[in-house]
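The block underneath contains the structure these notes are about, expressed in structure tokens.
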Amino acid sequence: MVLELDGGVRHLALDRRQEAQNAVDRRVLGGLAGRPPRFTLEHRGSADEPLLWLADIVVGAVAGQVLGRTSAYAEAMGEVLTRVRIDRPGGCD
């Protein structure tokens, strides 16, 4: 998704996880930021950054649909969601 960011995005805030996972985020996203970096990155707790809740809601709704538990939440978001298909060996949607 970072590759799809508008050129005006200068800062990303990600939900804080375990330090090893945060380090992977910094390494991968640091590479995608380019040289010089087109954006900065920080990890924040969701209690400190309520907008991170939105990502959790969307991911939960989509995961429920993908896992076959319920599609009601993803369907309720209607055209707000865009589905992107990524083809790779073994098949993944």
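Ordering of the structure tokens sets the chain letters (A, B, ...); residue numbers start at 1 within each chain; ligands are numbered from 1 in the order shown.
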
(message) Taking the DSSP secondary structure from the backbone, can you list the residues of chain A that are strand (DSSP E or B), as a ChimeraX atom specification?
(response) /A:11-15,40-44

Which polymer residues have any atom within 12 Å of an atom of A:Gly8, counting only C-alpha atoms, with same-chain residues fewer than 4 positions away left out, as a PDB file with all heavy atoms, in the first residue's frame?
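Listing of selection-v3.pdb after writing:
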ATOM      1  N   GLU A   4       1.360   2.975  -3.201  1.00  0.00           N
ATOM      2  CA  GLU A   4       0.200   3.684  -3.730  1.00  0.00           C
ATOM      3  C   GLU A   4      -0.016   5.052  -3.078  1.00  0.00           C
ATOM      4  O   GLU A   4      -0.957   5.752  -3.410  1.00  0.00           O
ATOM      5  CB  GLU A   4      -1.065   2.837  -3.545  1.00  0.00           C
ATOM      6  CG  GLU A   4      -1.013   1.504  -4.267  1.00  0.00           C
ATOM      7  CD  GLU A   4      -0.955   1.657  -5.783  1.00  0.00           C
ATOM      8  OE1 GLU A   4      -1.594   2.578  -6.311  1.00  0.00           O
ATOM      9  OE2 GLU A   4      -0.256   0.852  -6.417  1.00  0.00           O
ATOM     10  N   LEU A  12       4.305   8.636   8.033  1.00  0.00           N
ATOM     11  CA  LEU A  12       3.460   7.479   8.294  1.00  0.00           C
ATOM     12  C   LEU A  12       3.500   7.159   9.778  1.00  0.00           C
ATOM     13  O   LEU A  12       4.570   7.182  10.396  1.00  0.00           O
ATOM     14  CB  LEU A  12       3.958   6.246   7.539  1.00  0.00           C
ATOM     15  CG  LEU A  12       3.984   6.296   6.023  1.00  0.00           C
ATOM     16  CD1 LEU A  12       4.549   4.991   5.471  1.00  0.00           C
ATOM     17  CD2 LEU A  12       2.600   6.548   5.477  1.00  0.00           C
ATOM     18  N   ARG A  38      11.210   9.944   0.982  1.00  0.00           N
ATOM     19  CA  ARG A  38      10.052  10.779   0.640  1.00  0.00           C
ATOM     20  C   ARG A  38       9.057  10.849   1.782  1.00  0.00           C
ATOM     21  O   ARG A  38       8.107  11.623   1.732  1.00  0.00           O
ATOM     22  CB  ARG A  38       9.377  10.303  -0.643  1.00  0.00           C
ATOM     23  CG  ARG A  38       8.812   8.932  -0.601  1.00  0.00           C
ATOM     24  CD  ARG A  38       8.280   8.532  -1.994  1.00  0.00           C
ATOM     25  NE  ARG A  38       7.765   7.184  -1.976  1.00  0.00           N
ATOM     26  CZ  ARG A  38       6.483   6.870  -1.929  1.00  0.00           C
ATOM     27  NH1 ARG A  38       5.567   7.808  -1.924  1.00  0.00           N
ATOM     28  NH2 ARG A  38       6.107   5.616  -1.899  1.00  0.00           N
ATOM     29  N   PHE A  39       9.247  10.025   2.836  1.00  0.00           N
ATOM     30  CA  PHE A  39       8.401  10.095   4.022  1.00  0.00           C
ATOM     31  C   PHE A  39       9.166   9.600   5.238  1.00  0.00           C
ATOM     32  O   PHE A  39      10.163   8.900   5.111  1.00  0.00           O
ATOM     33  CB  PHE A  39       7.102   9.290   3.846  1.00  0.00           C
ATOM     34  CG  PHE A  39       7.316   7.829   3.541  1.00  0.00           C
ATOM     35  CD1 PHE A  39       7.601   6.911   4.550  1.00  0.00           C
ATOM     36  CD2 PHE A  39       7.220   7.368   2.242  1.00  0.00           C
ATOM     37  CE1 PHE A  39       7.791   5.576   4.264  1.00  0.00           C
ATOM     38  CE2 PHE A  39       7.406   6.024   1.944  1.00  0.00           C
ATOM     39  CZ  PHE A  39       7.691   5.131   2.964  1.00  0.00           C
TER      40      PHE A  39
END

(request) May I have all residues of stretch 15-44 of chain A that DSSP, computed from the backbone, assigns to helix (DSSP H, G or I), given as number ranges by chain? (result) A: 19-33

(message) Residues near A:Thr82, anyone? I mean within 12 Å using only C-alpha atoms, not counting same-chain ones fewer than 3 positions away, as a PyMOL selection string.
(response) chain A and resi 1+58+62+74-75+77-79+85

Could you take the residues named above and write them with N, CA and C atoms, as a CSV table (one decimal), in the first residue's frame?
chain,number,residue,atom,x,y,z
A,1,MET,N,0.8,-1.2,0.0
A,1,MET,CA,0.0,0.0,0.0
A,1,MET,C,0.9,1.3,0.0
A,58,VAL,N,-11.0,-1.8,9.3
A,58,VAL,CA,-11.0,-2.3,7.9
A,58,VAL,C,-10.3,-3.7,7.7
A,62,VAL,N,-12.2,-7.1,6.4
A,62,VAL,CA,-11.8,-7.8,5.2
A,62,VAL,C,-11.3,-9.2,5.6
A,74,ALA,N,-17.5,-6.1,5.6
A,74,ALA,CA,-16.9,-5.6,4.4
A,74,ALA,C,-17.9,-5.1,3.4
A,75,GLU,N,-19.0,-5.8,3.3
A,75,GLU,CA,-20.1,-5.3,2.4
A,75,GLU,C,-20.7,-4.0,2.9
A,77,MET,N,-19.1,-1.6,4.0
A,77,MET,CA,-18.2,-0.5,3.6
A,77,MET,C,-18.4,-0.2,2.1
A,78,GLY,N,-19.1,-1.0,1.4
A,78,GLY,CA,-19.5,-0.8,0.0
A,78,GLY,C,-18.3,-0.4,-0.8
A,79,GLU,N,-18.5,0.7,-1.6
A,79,GLU,CA,-17.5,1.1,-2.5
A,79,GLU,C,-16.3,1.8,-1.9
A,85,ARG,N,-6.0,-7.5,-6.7
A,85,ARG,CA,-5.5,-8.9,-6.8
A,85,ARG,C,-4.0,-8.9,-7.1

(message) Rounded to one decimal, what separation in Å do you get between atom CA of A:Ala13 and atom CA of A:His43?
(response) 5.7 Å

(request) With a distance cut-off of 10 Å and only C-alpha atoms, select the neighbouring residues of stretch 21-29 of chain A, excluding the residue or stretch itself and same-chain residues fewer than 6 positions from it, and output the selection as a ChimeraX atom specification. (result) /A:2-3,12,14-15,37,39-43

(message) Residues near A:Ala61, anyone? I mean within 12 Å using only C-alpha atoms, not counting same-chain ones fewer than 5 positions away, as a list in words.
(response) Leu54, Ala55, Asp56, Val66, Leu67, Gly68, Arg69, Thr70, Ser71, Ala72, Tyr73, Ala74, Glu75, Ala76, Met77, Gly78 and Leu81 of chain A

(request) Identify which of the residues A:Asp6, A:Ala33, A:Gly64, A:Arg16 lies closest to A:Asp48, counting only C-alpha atoms when measuring atom-to-atom distances. (result)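 Closest residue, counting only C-alpha atoms: A:Arg16.
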
(message) Report, in Å with one decimal, the straight-line distance from atom CA of A:Val9 to atom CA of A:Gly30.
(response)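 Pair atom CA of A:Val9 / atom CA of A:Gly30 returns 14.4 Å.
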